[in-house]
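Student: What follows is start_25.pdb, PDB, C-alpha atoms, pLDDT in the B column.
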```pdb
ATOM      1  CA  MET A  16     -24.416 -33.677 -70.898  1.00 45.00           C
ATOM      2  CA  LYS A  17     -21.957 -30.797 -70.527  1.00 49.00           C
ATOM      3  CA  PRO A  18     -19.806 -30.905 -67.415  1.00 46.00           C
ATOM      4  CA  ALA A  19     -20.770 -28.348 -64.801  1.00 44.00           C
ATOM      5  CA  LYS A  20     -18.644 -25.225 -64.740  1.00 45.00           C
ATOM      6  CA  PRO A  21     -16.373 -25.117 -61.696  1.00 47.00           C
ATOM      7  CA  GLU A  22     -17.540 -22.651 -59.078  1.00 60.00           C
ATOM      8  CA  ARG A  23     -15.326 -19.624 -58.609  1.00 76.00           C
ATOM      9  CA  GLU A  24     -13.453 -19.355 -55.345  1.00 87.00           C
ATOM     10  CA  PRO A  25     -15.013 -16.789 -53.016  1.00 93.00           C
ATOM     11  CA  ASP A  26     -13.378 -13.395 -52.598  1.00 93.00           C
ATOM     12  CA  ARG A  27     -11.371 -12.865 -49.421  1.00 95.00           C
ATOM     13  CA  ILE A  28     -11.596  -9.171 -48.583  1.00 96.00           C
ATOM     14  CA  CYS A  29      -8.992  -8.010 -46.056  1.00 96.00           C
ATOM     15  CA  GLY A  30      -8.738  -4.800 -44.054  1.00 95.00           C
ATOM     16  CA  PRO A  31     -11.252  -2.405 -42.471  1.00 96.00           C
ATOM     17  CA  ALA A  32     -11.705  -0.090 -45.483  1.00 95.00           C
ATOM     18  CA  ALA A  33     -12.089  -2.890 -48.018  1.00 96.00           C
ATOM     19  CA  VAL A  34     -14.465  -4.902 -45.814  1.00 97.00           C
ATOM     20  CA  ALA A  35     -16.604  -1.847 -45.027  1.00 97.00           C
ATOM     21  CA  ALA A  36     -16.870  -1.049 -48.743  1.00 97.00           C
ATOM     22  CA  THR A  37     -18.006  -4.587 -49.552  1.00 97.00           C
ATOM     23  CA  PHE A  38     -20.697  -4.432 -46.863  1.00 97.00           C
ATOM     24  CA  GLN A  39     -21.831  -1.061 -48.195  1.00 97.00           C
ATOM     25  CA  VAL A  40     -21.931  -1.959 -51.894  1.00 96.00           C
ATOM     26  CA  ARG A  41     -22.864  -5.658 -51.972  1.00 96.00           C
ATOM     27  CA  PRO A  42     -23.853  -6.795 -48.472  1.00 96.00           C
ATOM     28  CA  ALA A  43     -25.823  -9.781 -49.756  1.00 97.00           C
ATOM     29  CA  ALA A  44     -22.619 -11.203 -51.272  1.00 97.00           C
ATOM     30  CA  VAL A  45     -20.889 -11.466 -47.895  1.00 98.00           C
ATOM     31  CA  LEU A  46     -20.920 -15.081 -46.725  1.00 98.00           C
ATOM     32  CA  ARG A  47     -19.089 -14.806 -43.391  1.00 97.00           C
ATOM     33  CA  LEU A  48     -16.867 -12.498 -41.362  1.00 98.00           C
ATOM     34  CA  PHE A  49     -13.799 -13.056 -39.198  1.00 98.00           C
ATOM     35  CA  TYR A  50     -12.022 -10.485 -37.038  1.00 98.00           C
ATOM     36  CA  THR A  51      -9.511 -10.160 -34.221  1.00 98.00           C
ATOM     37  CA  PRO A  52     -10.404  -8.752 -30.774  1.00 97.00           C
ATOM     38  CA  GLN A  53      -8.682  -5.495 -31.758  1.00 97.00           C
ATOM     39  CA  ARG A  54     -11.279  -5.001 -34.536  1.00 97.00           C
ATOM     40  CA  ARG A  55     -14.322  -5.761 -32.364  1.00 97.00           C
ATOM     41  CA  ARG A  56     -15.595  -2.166 -32.546  1.00 96.00           C
ATOM     42  CA  GLU A  57     -15.460  -1.982 -36.345  1.00 94.00           C
ATOM     43  CA  ALA A  58     -16.891  -5.481 -36.676  1.00 97.00           C
ATOM     44  CA  GLY A  59     -19.917  -4.861 -34.429  1.00 97.00           C
ATOM     45  CA  PRO A  60     -22.278  -3.254 -36.993  1.00 97.00           C
ATOM     46  CA  LEU A  61     -21.159  -5.732 -39.656  1.00 98.00           C
ATOM     47  CA  CYS A  62     -21.891  -8.669 -37.353  1.00 98.00           C
ATOM     48  CA  ALA A  63     -25.355  -7.246 -36.766  1.00 97.00           C
ATOM     49  CA  THR A  64     -25.946  -7.174 -40.516  1.00 97.00           C
ATOM     50  CA  LEU A  65     -24.882 -10.801 -40.832  1.00 98.00           C
ATOM     51  CA  ALA A  66     -26.946 -11.837 -37.812  1.00 98.00           C
ATOM     52  CA  ARG A  67     -30.083 -10.452 -39.470  1.00 97.00           C
ATOM     53  CA  ALA A  68     -29.215 -12.470 -42.573  1.00 97.00           C
ATOM     54  CA  ARG A  69     -28.460 -15.575 -40.466  1.00 98.00           C
ATOM     55  CA  LYS A  70     -24.876 -15.686 -41.687  1.00 98.00           C
ATOM     56  CA  PRO A  71     -21.869 -16.613 -39.513  1.00 98.00           C
ATOM     57  CA  TYR A  72     -19.225 -14.365 -38.003  1.00 98.00           C
ATOM     58  CA  ARG A  73     -16.497 -15.105 -35.497  1.00 97.00           C
ATOM     59  CA  GLU A  74     -13.792 -13.446 -33.444  1.00 98.00           C
ATOM     60  CA  VAL A  75     -10.477 -15.265 -33.888  1.00 98.00           C
ATOM     61  CA  PRO A  76      -6.806 -14.846 -32.923  1.00 97.00           C
ATOM     62  CA  ALA A  77      -4.538 -13.087 -35.424  1.00 96.00           C
ATOM     63  CA  GLU A  78      -2.767 -16.357 -36.289  1.00 96.00           C
ATOM     64  CA  GLU A  79      -6.022 -18.049 -37.249  1.00 97.00           C
ATOM     65  CA  LEU A  80      -7.109 -14.999 -39.226  1.00 97.00           C
ATOM     66  CA  ALA A  81      -3.864 -15.189 -41.200  1.00 96.00           C
ATOM     67  CA  ARG A  82      -4.725 -18.764 -42.185  1.00 96.00           C
ATOM     68  CA  ILE A  83      -8.248 -17.730 -43.208  1.00 95.00           C
ATOM     69  CA  ALA A  84      -7.001 -14.721 -45.173  1.00 94.00           C
ATOM     70  CA  GLY A  85      -4.053 -16.532 -46.718  1.00 92.00           C
ATOM     71  CA  THR A  86      -1.807 -13.644 -45.676  1.00 93.00           C
ATOM     72  CA  PRO A  87      -0.574 -12.010 -42.473  1.00 94.00           C
ATOM     73  CA  HIS A  88      -1.503  -8.657 -44.024  1.00 93.00           C
ATOM     74  CA  HIS A  89      -5.173  -8.981 -43.150  1.00 95.00           C
ATOM     75  CA  GLY A  90      -5.663  -5.782 -41.163  1.00 94.00           C
ATOM     76  CA  GLY A  91      -7.490  -7.630 -38.412  1.00 97.00           C
ATOM     77  CA  ILE A  92     -10.709  -8.274 -40.319  1.00 97.00           C
ATOM     78  CA  VAL A  93     -11.644 -10.507 -43.272  1.00 98.00           C
ATOM     79  CA  ALA A  94     -14.943 -10.882 -45.139  1.00 98.00           C
ATOM     80  CA  VAL A  95     -15.473 -13.946 -47.299  1.00 97.00           C
ATOM     81  CA  ALA A  96     -17.815 -12.968 -50.140  1.00 97.00           C
ATOM     82  CA  ALA A  97     -19.324 -14.566 -53.215  1.00 96.00           C
ATOM     83  CA  SER A  98     -16.987 -14.085 -56.165  1.00 93.00           C
ATOM     84  CA  ARG A  99     -17.660 -10.987 -58.207  1.00 92.00           C
ATOM     85  CA  GLY A 100     -18.004 -11.710 -61.888  1.00 88.00           C
ATOM     86  CA  LEU A 101     -16.454  -9.770 -64.748  1.00 93.00           C
ATOM     87  CA  PRO A 102     -18.944  -9.219 -67.591  1.00 94.00           C
ATOM     88  CA  ALA A 103     -17.325  -9.448 -71.015  1.00 94.00           C
ATOM     89  CA  LEU A 104     -17.545  -6.590 -73.535  1.00 94.00           C
ATOM     90  CA  ASP A 105     -17.118  -6.879 -77.306  1.00 87.00           C
ATOM     91  CA  GLY A 106     -17.739  -3.329 -78.531  1.00 80.00           C
ATOM     92  CA  ARG A 107     -21.288  -3.838 -79.803  1.00 84.00           C
ATOM     93  CA  LEU A 108     -22.597  -2.262 -76.607  1.00 85.00           C
ATOM     94  CA  ILE A 109     -20.810   0.463 -74.647  1.00 90.00           C
ATOM     95  CA  PRO A 110     -22.158   0.451 -71.053  1.00 91.00           C
ATOM     96  CA  ASP A 111     -23.212   3.831 -69.720  1.00 90.00           C
ATOM     97  CA  ALA A 112     -20.784   3.516 -66.808  1.00 89.00           C
ATOM     98  CA  LEU A 113     -17.899   3.884 -69.250  1.00 92.00           C
ATOM     99  CA  LEU A 114     -19.160   7.308 -70.318  1.00 90.00           C
ATOM    100  CA  ARG A 115     -20.067   8.810 -66.934  1.00 87.00           C
ATOM    101  CA  ALA A 116     -16.644   9.755 -65.569  1.00 82.00           C
ATOM    102  CA  PRO A 117     -13.740  11.920 -66.742  1.00 90.00           C
ATOM    103  CA  VAL A 118     -11.289   9.003 -67.111  1.00 95.00           C
ATOM    104  CA  LEU A 119     -11.781   5.333 -67.942  1.00 97.00           C
ATOM    105  CA  PRO A 120      -8.725   3.228 -66.966  1.00 97.00           C
ATOM    106  CA  VAL A 121      -8.017   0.279 -69.250  1.00 98.00           C
ATOM    107  CA  LEU A 122      -5.493  -2.313 -68.032  1.00 97.00           C
ATOM    108  CA  ASP A 123      -3.712  -4.434 -70.627  1.00 96.00           C
ATOM    109  CA  GLY A 124      -1.347  -7.129 -69.405  1.00 94.00           C
ATOM    110  CA  ILE A 125      -0.696  -5.667 -65.949  1.00 95.00           C
ATOM    111  CA  GLY A 126       0.140  -8.876 -64.147  1.00 94.00           C
ATOM    112  CA  ASN A 127       0.876  -7.647 -60.632  1.00 95.00           C
ATOM    113  CA  PRO A 128      -2.340  -7.730 -58.561  1.00 96.00           C
ATOM    114  CA  HIS A 129      -0.961  -5.068 -56.226  1.00 96.00           C
ATOM    115  CA  ASN A 130      -0.661  -2.705 -59.194  1.00 97.00           C
ATOM    116  CA  LEU A 131      -4.215  -3.560 -60.228  1.00 97.00           C
ATOM    117  CA  GLY A 132      -5.469  -2.796 -56.732  1.00 97.00           C
ATOM    118  CA  ALA A 133      -3.485   0.435 -56.485  1.00 97.00           C
ATOM    119  CA  ILE A 134      -4.819   1.639 -59.854  1.00 98.00           C
ATOM    120  CA  ALA A 135      -8.375   0.829 -58.747  1.00 98.00           C
ATOM    121  CA  ARG A 136      -7.843   2.790 -55.538  1.00 97.00           C
ATOM    122  CA  SER A 137      -6.645   5.844 -57.487  1.00 97.00           C
ATOM    123  CA  ALA A 138      -9.455   5.456 -60.019  1.00 97.00           C
ATOM    124  CA  ALA A 139     -12.055   5.501 -57.249  1.00 96.00           C
ATOM    125  CA  PHE A 140     -10.344   8.496 -55.621  1.00 96.00           C
ATOM    126  CA  PHE A 141     -10.495  10.507 -58.853  1.00 94.00           C
ATOM    127  CA  GLY A 142     -14.142   9.664 -59.513  1.00 93.00           C
ATOM    128  CA  CYS A 143     -13.804   7.029 -62.197  1.00 94.00           C
ATOM    129  CA  ARG A 144     -16.900   4.856 -62.502  1.00 93.00           C
ATOM    130  CA  ALA A 145     -15.516   1.808 -64.285  1.00 96.00           C
ATOM    131  CA  MET A 146     -12.354  -0.064 -65.182  1.00 97.00           C
ATOM    132  CA  LEU A 147     -11.595  -2.491 -68.008  1.00 97.00           C
ATOM    133  CA  LEU A 148      -9.303  -5.526 -67.863  1.00 97.00           C
ATOM    134  CA  SER A 149      -7.986  -6.928 -71.128  1.00 96.00           C
ATOM    135  CA  GLY A 150      -7.989 -10.553 -72.199  1.00 93.00           C
ATOM    136  CA  ASP A 151      -4.180 -10.659 -72.217  1.00 93.00           C
ATOM    137  CA  PRO A 152      -3.179 -13.845 -70.352  1.00 92.00           C
ATOM    138  CA  ARG A 153      -0.721 -11.782 -68.297  1.00 92.00           C
ATOM    139  CA  GLN A 154      -3.484  -9.545 -66.983  1.00 95.00           C
ATOM    140  CA  ALA A 155      -4.117  -9.925 -63.232  1.00 95.00           C
ATOM    141  CA  GLY A 156      -7.655 -10.562 -62.077  1.00 93.00           C
ATOM    142  CA  LEU A 157      -9.604  -9.955 -58.888  1.00 93.00           C
ATOM    143  CA  SER A 158      -7.311 -11.761 -56.484  1.00 92.00           C
ATOM    144  CA  ASP A 159      -7.126 -11.422 -52.708  1.00 92.00           C
ATOM    145  CA  ALA A 160      -4.087  -9.142 -53.089  1.00 93.00           C
ATOM    146  CA  ALA A 161      -5.955  -6.853 -55.496  1.00 95.00           C
ATOM    147  CA  TRP A 162      -8.920  -6.500 -53.135  1.00 95.00           C
ATOM    148  CA  ARG A 163      -6.606  -5.759 -50.206  1.00 94.00           C
ATOM    149  CA  THR A 164      -4.485  -3.176 -52.049  1.00 96.00           C
ATOM    150  CA  ALA A 165      -7.515  -1.393 -53.502  1.00 96.00           C
ATOM    151  CA  GLU A 166      -8.717  -0.440 -49.983  1.00 96.00           C
ATOM    152  CA  GLY A 167     -12.331  -0.518 -51.155  1.00 96.00           C
ATOM    153  CA  GLY A 168     -11.632   1.066 -54.541  1.00 97.00           C
ATOM    154  CA  LEU A 169     -12.709  -1.990 -56.520  1.00 97.00           C
ATOM    155  CA  GLU A 170     -16.174  -1.816 -54.963  1.00 97.00           C
ATOM    156  CA  ALA A 171     -16.557   1.757 -56.261  1.00 96.00           C
ATOM    157  CA  LEU A 172     -15.996   0.691 -59.880  1.00 96.00           C
ATOM    158  CA  GLU A 173     -17.969  -1.272 -62.410  1.00 96.00           C
ATOM    159  CA  LEU A 174     -15.550  -3.857 -63.745  1.00 97.00           C
ATOM    160  CA  PHE A 175     -15.523  -5.446 -67.197  1.00 96.00           C
ATOM    161  CA  ARG A 176     -13.391  -7.932 -69.113  1.00 96.00           C
ATOM    162  CA  VAL A 177     -12.474  -7.197 -72.741  1.00 96.00           C
ATOM    163  CA  PRO A 178     -11.335 -10.360 -74.592  1.00 96.00           C
ATOM    164  CA  ASP A 179     -10.432  -8.491 -77.815  1.00 96.00           C
ATOM    165  CA  LEU A 180      -9.071  -5.172 -76.601  1.00 96.00           C
ATOM    166  CA  PRO A 181      -7.991  -3.635 -79.958  1.00 96.00           C
ATOM    167  CA  ALA A 182     -11.440  -4.225 -81.467  1.00 95.00           C
ATOM    168  CA  PHE A 183     -13.139  -2.777 -78.401  1.00 96.00           C
ATOM    169  CA  LEU A 184     -10.890   0.296 -78.361  1.00 96.00           C
ATOM    170  CA  ARG A 185     -11.672   0.983 -82.015  1.00 96.00           C
ATOM    171  CA  ALA A 186     -15.371   0.967 -81.149  1.00 94.00           C
ATOM    172  CA  LEU A 187     -14.774   3.084 -78.050  1.00 95.00           C
ATOM    173  CA  ALA A 188     -12.786   5.663 -80.049  1.00 94.00           C
ATOM    174  CA  SER A 189     -16.009   6.819 -81.679  1.00 92.00           C
ATOM    175  CA  ARG A 190     -17.229   7.932 -78.241  1.00 92.00           C
ATOM    176  CA  MET A 191     -14.082   9.336 -76.588  1.00 94.00           C
ATOM    177  CA  PRO A 192     -10.338   9.854 -77.073  1.00 95.00           C
ATOM    178  CA  VAL A 193      -8.378   6.659 -76.342  1.00 97.00           C
ATOM    179  CA  LEU A 194      -4.951   7.515 -74.933  1.00 97.00           C
ATOM    180  CA  ALA A 195      -2.066   5.067 -74.716  1.00 97.00           C
ATOM    181  CA  ALA A 196       0.260   5.695 -71.760  1.00 95.00           C
ATOM    182  CA  MET A 197       3.873   5.441 -72.957  1.00 93.00           C
ATOM    183  CA  PRO A 198       7.176   5.760 -71.041  1.00 88.00           C
ATOM    184  CA  ALA A 199       8.544   7.968 -73.841  1.00 87.00           C
ATOM    185  CA  GLY A 200       7.595   9.538 -77.143  1.00 88.00           C
ATOM    186  CA  GLY A 201       4.058  10.607 -76.318  1.00 90.00           C
ATOM    187  CA  LEU A 202       2.394  13.974 -75.862  1.00 89.00           C
ATOM    188  CA  ALA A 203       2.342  15.739 -72.510  1.00 91.00           C
ATOM    189  CA  PRO A 204      -1.134  15.472 -70.925  1.00 91.00           C
ATOM    190  CA  ALA A 205      -1.365  19.278 -70.720  1.00 87.00           C
ATOM    191  CA  SER A 206      -0.900  19.573 -74.487  1.00 88.00           C
ATOM    192  CA  LEU A 207      -4.042  17.597 -75.274  1.00 87.00           C
ATOM    193  CA  PRO A 208      -7.273  19.454 -76.013  1.00 82.00           C
ATOM    194  CA  PRO A 209      -9.708  19.258 -73.064  1.00 81.00           C
ATOM    195  CA  ALA A 210     -12.014  16.269 -73.375  1.00 77.00           C
ATOM    196  CA  ARG A 211     -14.226  14.227 -71.113  1.00 81.00           C
ATOM    197  CA  PRO A 212     -14.453  11.329 -70.916  1.00 92.00           C
ATOM    198  CA  VAL A 213     -11.141   9.855 -72.052  1.00 95.00           C
ATOM    199  CA  ALA A 214      -9.913   6.273 -71.943  1.00 97.00           C
ATOM    200  CA  LEU A 215      -6.440   5.757 -70.465  1.00 97.00           C
ATOM    201  CA  VAL A 216      -4.786   2.542 -71.657  1.00 98.00           C
ATOM    202  CA  LEU A 217      -2.047   1.218 -69.358  1.00 97.00           C
ATOM    203  CA  GLY A 218       0.265  -1.617 -70.350  1.00 94.00           C
ATOM    204  CA  ASN A 219       2.651  -4.176 -68.962  1.00 85.00           C
ATOM    205  CA  GLU A 220       5.709  -2.554 -67.353  1.00 79.00           C
ATOM    206  CA  GLU A 221       8.223  -4.835 -69.089  1.00 79.00           C
ATOM    207  CA  GLN A 222       6.825  -5.138 -72.631  1.00 82.00           C
ATOM    208  CA  GLY A 223       4.464  -2.164 -72.783  1.00 85.00           C
ATOM    209  CA  LEU A 224       1.390  -2.137 -75.011  1.00 91.00           C
ATOM    210  CA  ALA A 225       1.099  -4.448 -78.002  1.00 90.00           C
ATOM    211  CA  GLU A 226       1.250  -2.891 -81.461  1.00 92.00           C
ATOM    212  CA  ALA A 227      -2.369  -3.845 -82.187  1.00 94.00           C
ATOM    213  CA  THR A 228      -3.486  -2.054 -79.019  1.00 95.00           C
ATOM    214  CA  LEU A 229      -1.395   1.015 -79.826  1.00 95.00           C
ATOM    215  CA  ALA A 230      -2.845   1.145 -83.326  1.00 95.00           C
ATOM    216  CA  ALA A 231      -6.360   1.255 -81.879  1.00 96.00           C
ATOM    217  CA  CYS A 232      -5.559   4.280 -79.678  1.00 97.00           C
ATOM    218  CA  THR A 233      -6.136   7.825 -80.883  1.00 96.00           C
ATOM    219  CA  ALA A 234      -3.071   9.391 -79.183  1.00 95.00           C
ATOM    220  CA  ARG A 235      -0.086   8.557 -77.002  1.00 96.00           C
ATOM    221  CA  ILE A 236       0.762  10.390 -73.777  1.00 95.00           C
ATOM    222  CA  THR A 237       3.928  10.488 -71.691  1.00 93.00           C
ATOM    223  CA  LEU A 238       4.899  11.959 -68.334  1.00 91.00           C
ATOM    224  CA  SER A 239       8.188  13.844 -68.418  1.00 88.00           C
ATOM    225  CA  GLY A 240      10.647  13.337 -65.567  1.00 82.00           C
ATOM    226  CA  SER A 241      14.115  14.330 -64.455  1.00 78.00           C
ATOM    227  CA  GLY A 242      15.789  11.427 -66.227  1.00 76.00           C
ATOM    228  CA  ALA A 243      17.248  10.079 -62.985  1.00 83.00           C
ATOM    229  CA  VAL A 244      15.137   6.937 -63.453  1.00 77.00           C
ATOM    230  CA  GLU A 245      13.663   5.548 -66.632  1.00 75.00           C
ATOM    231  CA  SER A 246      10.003   5.540 -65.638  1.00 77.00           C
ATOM    232  CA  LEU A 247       7.433   5.348 -62.857  1.00 87.00           C
ATOM    233  CA  ASN A 248       5.754   2.249 -61.513  1.00 92.00           C
ATOM    234  CA  VAL A 249       2.613   1.749 -63.604  1.00 94.00           C
ATOM    235  CA  SER A 250       0.264   2.332 -60.673  1.00 95.00           C
ATOM    236  CA  VAL A 251       2.011   5.605 -59.803  1.00 96.00           C
ATOM    237  CA  ALA A 252       1.993   6.740 -63.438  1.00 95.00           C
ATOM    238  CA  ALA A 253      -1.693   5.838 -63.637  1.00 96.00           C
ATOM    239  CA  ALA A 254      -2.506   8.014 -60.619  1.00 96.00           C
ATOM    240  CA  VAL A 255      -0.573  11.008 -62.000  1.00 95.00           C
ATOM    241  CA  LEU A 256      -2.184  10.660 -65.416  1.00 95.00           C
ATOM    242  CA  MET A 257      -5.688  10.226 -64.002  1.00 95.00           C
ATOM    243  CA  HIS A 258      -5.221  13.388 -61.947  1.00 94.00           C
ATOM    244  CA  ALA A 259      -3.983  15.310 -64.988  1.00 92.00           C
ATOM    245  CA  LEU A 260      -6.734  14.069 -67.287  1.00 93.00           C
ATOM    246  CA  ALA A 261      -9.562  14.367 -64.759  1.00 86.00           C
ATOM    247  CA  GLY A 262      -8.685  17.996 -64.161  1.00 74.00           C
ATOM    248  CA  ALA A 263      -8.327  18.862 -67.854  1.00 54.00           C
TER
END
```
Mind turning this structure into structure tokens?
Tutor:
Amino acid sequence: MKPAKPEREPDRICGPAAVAATFQVRPAAVLRLFYTPQRRREAGPLCATLARARKPYREVPAEELARIAGTPHHGGIVAVAASRGLPALDGRLIPDALLRAPVLPVLDGIGNPHNLGAIARSAAFFGCRAMLLSGDPRQAGLSDAAWRTAEGGLEALELFRVPDLPAFLRALASRMPVLAAMPAGGLAPASLPPARPVALVLGNEEQGLAEATLAACTARITLSGSGAVESLNVSVAAAVLMHALAGA
């Protein structure tokens, strides 16, 4: 008999915007809710939803909420929700969500969950429908910090895991341009011919994109700066590039 797979830890969603988005998009996944007295007004409708589902909610002091959230940066309200899975893609099937928005962000080896969350927030803001996370062992997943930083952006995106990113990008390149974001040596976004959708591949800030990933991309793009600093934080660069590509 095969041993049972360990259950995934539930998601801890912190902050009013992120919690509201979870209740809006996947209310059945919410298991329980905790909030401080200062968030009683925002929590009221959410508590009513849980009461109808016979699920618990509780008003707690800020110190107790910090223990529940695992961080003092909880924004006064925390939803504990069933863990959201990441379906795996192998290139044999391209989900429609990947083709229904101007830009598809692809994250390869971005290990900081705050950067992941910030990129998701920008992606949702610019109307992206999905986001891909590579199988690179450095790649951050859907941690508490990512949910908190995304401010609800992760709930607006369909999320997928891509174990073999170069193979998937080669398959994707038959459907859209696949652009590798580079700190130097790439084309300016404005110089590219208009195209929608496009995939934007973003790599690890220290090592950048692997050669196999770069080889699977159809072009390389770079933001030009003043030269006072070498490059932008990857989440900031992602936002600028998404804005440029979405408006192309």
Student: Between A:Ala160, A:Val34, A:Ala186, A:Cys143, which one has atoms that come closest to Leu260 (chain A), using only C-alpha atoms?
Tutor: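 For Leu260 (chain A), the nearest of the candidates is A:Cys143.
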Student: Name the residues that the PyMOL selection byres ((chain A and resi 53) around 12) picks from the file above, as a ChimeraX atom specification, using the file's chain letters and numbers.
Tutor: /A:31,49-52,54-59,74-77,90-92
Student: Report the distance between CA of Val216 (chain A) and CA of Asn127 (chain A) in Å, rounded to one decimal place.
Tutor: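 CA of Asn127 (chain A) lies 16.0 Å from CA of Val216 (chain A).
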Student: Quick one: distance from CA of Pro120 (chain A) to CA of Ser246 (chain A) in Å, one decimal?
Tutor: 18.9 Å
Student: Enumerate, as number ranges by chain, the residues matched when the PyMOL selection byres ((chain A and resi 169) around 12) is run on the file above.
Tutor: A: 28, 32-34, 36-37, 40-41, 99, 101, 131-140, 143-147, 156-168, 170-175
Student: Could you check the closest approach to Gly201 (chain A) for each of A:Asp179, A:Gln222, A:Asn248, A:Thr237 and tell me which residue wins, using all atoms listed in the file?
Tutor: A:Thr237
Student: Quick one: of A:Gly150, A:Gly262, A:Pro208, A:Gly242, who's nearest to Ala103 (chain A), counting only C-alpha atoms?
Tutor: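 Ranked by minimum distance to Ala103 (chain A), first place goes to A:Gly150.
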Student: Using all atoms listed in the file - which residues lie no farther than 12 Å from the point (-11.5, 11.6, -81.8) in the file's frame? Write them as JSON, numbers by chain.
Tutor: {"A": [184, 185, 186, 187, 188, 189, 190, 191, 192, 193, 194, 207, 208, 209, 210, 211, 212, 213, 214, 231, 232, 233, 234]}
Student: Could you write out as AutoDock Vina command-line options the box around region 224-239 of chain A (axis-aligned, all atoms listed in the file, 8 Å on each side), with centre and edge lengths in Å to one decimal?
Tutor:
```
--center_x 0.9 --center_y 4.7 --center_z -75.8 --size_x 30.5 --size_y 34.3 --size_z 31.0
```
Student: Hey, which of A:Leu180, A:Val249, A:Met257, A:Ala243 ends up closest to Leu229 (chain A)? Count only C-alpha atoms.
Tutor: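 Counting only C-alpha atoms, the residue closest to Leu229 (chain A) is A:Leu180.
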